[in-house]
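What follows is a set of notes on a single structure, which appears directly below.
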Amino acid sequence: MRAVDISAVKRSRRRPVSGRDDLAWWREARFGLFVHWGLYAIPAGIWRGKRVPYIGEWMMFRERIPVATYQKFAAQFNPRHWNPAALVRLAKDAGMGYLVITAKHHEGFAMYRSQVSPYNVVDATPWHHDPMADLARECRRQGVRLCFYYSQDLDWHHPDGAWNDWDYAQEKKQPGRYLREKVFPQLTELLTQYGPVGMIWFDTPLTLTRAQSAAIRRHVKRLQPRCLVSGRIGHGLGDYSLPRDNFLPPGRLEGDWETCATLNHTWGFKRHDHEWKSAANLITTLVDLTSKGSNYLLNIGPDADGVVPAPSVARLRAIGAWLKLNGTAIHGASPSPFRYEFPWGRITTKGRTLYFHFFEKPARLFHLHGLRSRVTAVSTLAAPQRKFPFRQTTEPATGTPVLAIDFTGVAFSKPVTVISVQLAAAPEVDPLTLQQPDHTVTLIGPMARVGTPARKPAMRIGGNGLSENWRNTRDWLEWRFTVLQPGAYDVAVVTTHQHLEPWSGGHTLRLDCAGRTLRRTTRREILLPGLRSVYYPQIATRFGRLMFERAGTYSLRLKADRLNLPKKNRTLFSDGGIQFSEIRLTPVA
Ligand code: FHN
């Protein structure tokens, strides 16, 4: 099978249509629980005695299991340990404000009472029970928003659903009939049987037309006007956007976003996936995403008995414990006023307060470049009465504002310590990329200007913050940035790829800056460590050296001189072009 990333999606361009802000609760929550639970929990990642390497809920498709065989799993579905109160409590204690559960995944099985198809958890299983009714009750009682995942496009059970071509001939399929017979009536059930629904989390828009997606959206809004529609309704019609699964953008993204992510490497339960992300990794990721304007939807996959794997529970509790102390800096927080990451951690904002999230203990005298607003007080979030001395100055050569905070005696604890910085007014920052106090300069895609001699560039920086359609030698990326310390700098260009897709490398790029031209062919020279590299390896190519004779503002242009595009370049969601992530300048030691 082609290795494709089926989670890519076009950025939502919707603006609120009324004065009413339906996203307010979702922005306040910032953190939600994703639950993948369906018949796939029974095979649990093992097919014909073999452990499958891919995500568990895709077994029916990947093994081409006939409907007649697959649907027999329903007769085994009888979860003895289903505990909806505990599940909702788990989300709540983890500091999550909403819960999104698979009402119907691509396998086509309805995990709720459906009159539309007998292929549902009440009629087709010995359990004869509707878990969504339990969750609706518990979510109401415990104050968590209930949301339903619904696979509107892929359905491997319905003869007209997308992507089952081993049971049903492709040419005979009538997608319109699948929508009429299954999708619309099942959405009606979900939106009328369980009270207010926070959102329908549509997924994998692959074959539906814009008109079909728009009709689905209208249907939801007609039944529950305040119910949100996820970005993966497709065609940019969602109420907010979703980058790819497990994707961490290189910098702040514009608009409303949500990143969904796994705790190990599967969504649906797999007995043998024991590669759990650490609690520290997850807390840092929550902070990272909040600082970039994205919600975090973190997944659990209960087993066929309804048991949430113990490592998942432990991790959610650890995040909850951290949020209990630091939640103010996350819930309802806005992204960082700076568009780029910091080597030391991240920033989130609330009104006139900036929250500095330190991933490491900083130097006793900590410096931040580029904050123009006046600071009135600095303290830890945990002990606001204890204030720290600070000073604001201006760096003479470039006019860069510098904030220095004296952290003498502060105990920084892992994984993240939060410091609150009070401002006299709303945060205002230098809009250019600035050299950091550790002397590095990182130029990210979202801060580049795309240039071209043509009327319009073909390349763009996509909603994910990476370059898209970079498949010509005409367009370029250009940055302006401020160097505070003159000297020689090593340059590395970082490109990436979804870890299941091939990397597009071997392109000769030309970099012009400070009167020099550097030309190199992108190679897999250095794999940068860090959270982002797990699913999107950050592949750095050394480009040589630049010399900055004096402090000041410089511009840098990056362009392709010769491309190495694969013959069969387009997979489903990759255009085969350069996926540019960032440029790193590091002073020569
Ligand atoms: O194909 C699905 C996958 O099984 C899972 O549900 C994820 C969650 O975001 N969405 C699709 C792939 O992106």
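Residue names in the structure tokens use chain letters A, B, ... in the order shown, residue numbers from 1 in each chain, and ligand numbers from 1 in the order shown.
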
message: At a cut-off of 10 Å around ligand 1, and using only C-alpha atoms and all ligand atoms, what residues come up? Please write them as a ChimeraX atom specification.
response: /A:4-9,34-36,54-59,102,105-107,149-151,154,201-205,232,242-246,259-262,266-268,297-299

### Task
Within range 1-204 of chain A, find each residue whose DSSP state, derived from the backbone, is strand (DSSP E or B), and express the selection as a PyMOL selection string.
chain A and resi 31-35+46-47+50-51+98-104+110+120+145-150+154+162+199-202

Which polymer residues have any atom within 9 Å of an atom of range 418-435 of chain A, counting only C-alpha atoms, with same-chain residues fewer than 4 positions away left out, as a compact mmCIF listing (two decimals) with C-alpha atoms, in the first residue's frame?
```txt
# COMPACT_ATOMS: atom_id res chain seq x y z
CA ASN A 326 -0.30 25.66 36.24
CA ALA A 329 -1.31 29.54 32.03
CA PRO A 337 2.97 37.22 20.94
CA PHE A 338 6.21 35.98 19.35
CA ARG A 339 5.74 33.80 16.30
CA TYR A 340 8.82 31.66 16.89
CA THR A 349 -0.66 34.98 27.21
CA GLY A 351 -4.59 39.81 28.74
CA ARG A 352 -1.65 41.72 30.16
CA THR A 353 0.07 38.68 31.59
CA LEU A 354 2.73 36.69 29.82
CA TYR A 355 3.46 33.20 31.10
CA PHE A 356 7.02 32.06 30.51
CA HIS A 357 7.13 28.25 30.51
CA PHE A 358 10.68 27.10 31.22
CA HIS A 369 14.84 39.97 23.36
CA GLY A 370 12.09 41.85 21.60
CA LEU A 371 9.43 42.57 24.25
CA ARG A 372 8.38 46.18 23.71
CA SER A 373 5.73 46.40 26.44
CA ARG A 374 6.63 47.70 29.86
CA VAL A 375 6.92 45.01 32.53
CA THR A 376 5.47 45.81 35.95
CA ALA A 377 6.14 42.62 37.93
CA VAL A 378 7.67 39.15 37.65
CA SER A 379 6.84 36.23 39.91
CA THR A 380 6.35 32.49 39.79
CA LEU A 381 2.85 31.32 39.04
CA ALA A 382 2.94 29.17 42.14
CA PRO A 384 2.76 35.36 43.06
CA THR A 400 16.29 45.72 20.33
CA PRO A 401 14.46 45.81 23.68
CA PHE A 412 12.88 25.48 38.73
CA HIS A 439 23.14 33.70 19.99
CA THR A 440 21.19 31.38 17.68
CA VAL A 441 18.86 32.66 14.96
CA THR A 442 16.04 30.45 13.66
CA LEU A 443 14.13 31.46 10.55
CA ILE A 444 10.80 29.64 10.29
CA MET A 447 7.78 34.27 9.12
CA TRP A 479 13.35 36.73 5.77
CA ARG A 480 14.47 39.86 7.53
CA PHE A 481 16.10 39.29 10.88
CA THR A 482 18.21 41.08 13.43
CA VAL A 483 21.70 40.00 14.41
CA LEU A 484 22.97 41.43 17.68
CA GLN A 485 26.36 39.81 17.77
CA THR A 553 19.04 43.81 10.27
```

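Distances here use only C-alpha atoms; by that measure, the residue among A:Gln174, A:Pro486, A:Arg271, A:Ala383 closest to Ala397 in chain A is A:Pro486.
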
Handout entry: Near-Ile405 in chain A list (8 Å; only C-alpha atoms; drop same-chain fewer than 6 positions) as a ChimeraX atom specification
Key = /A:365-367,378,388-391
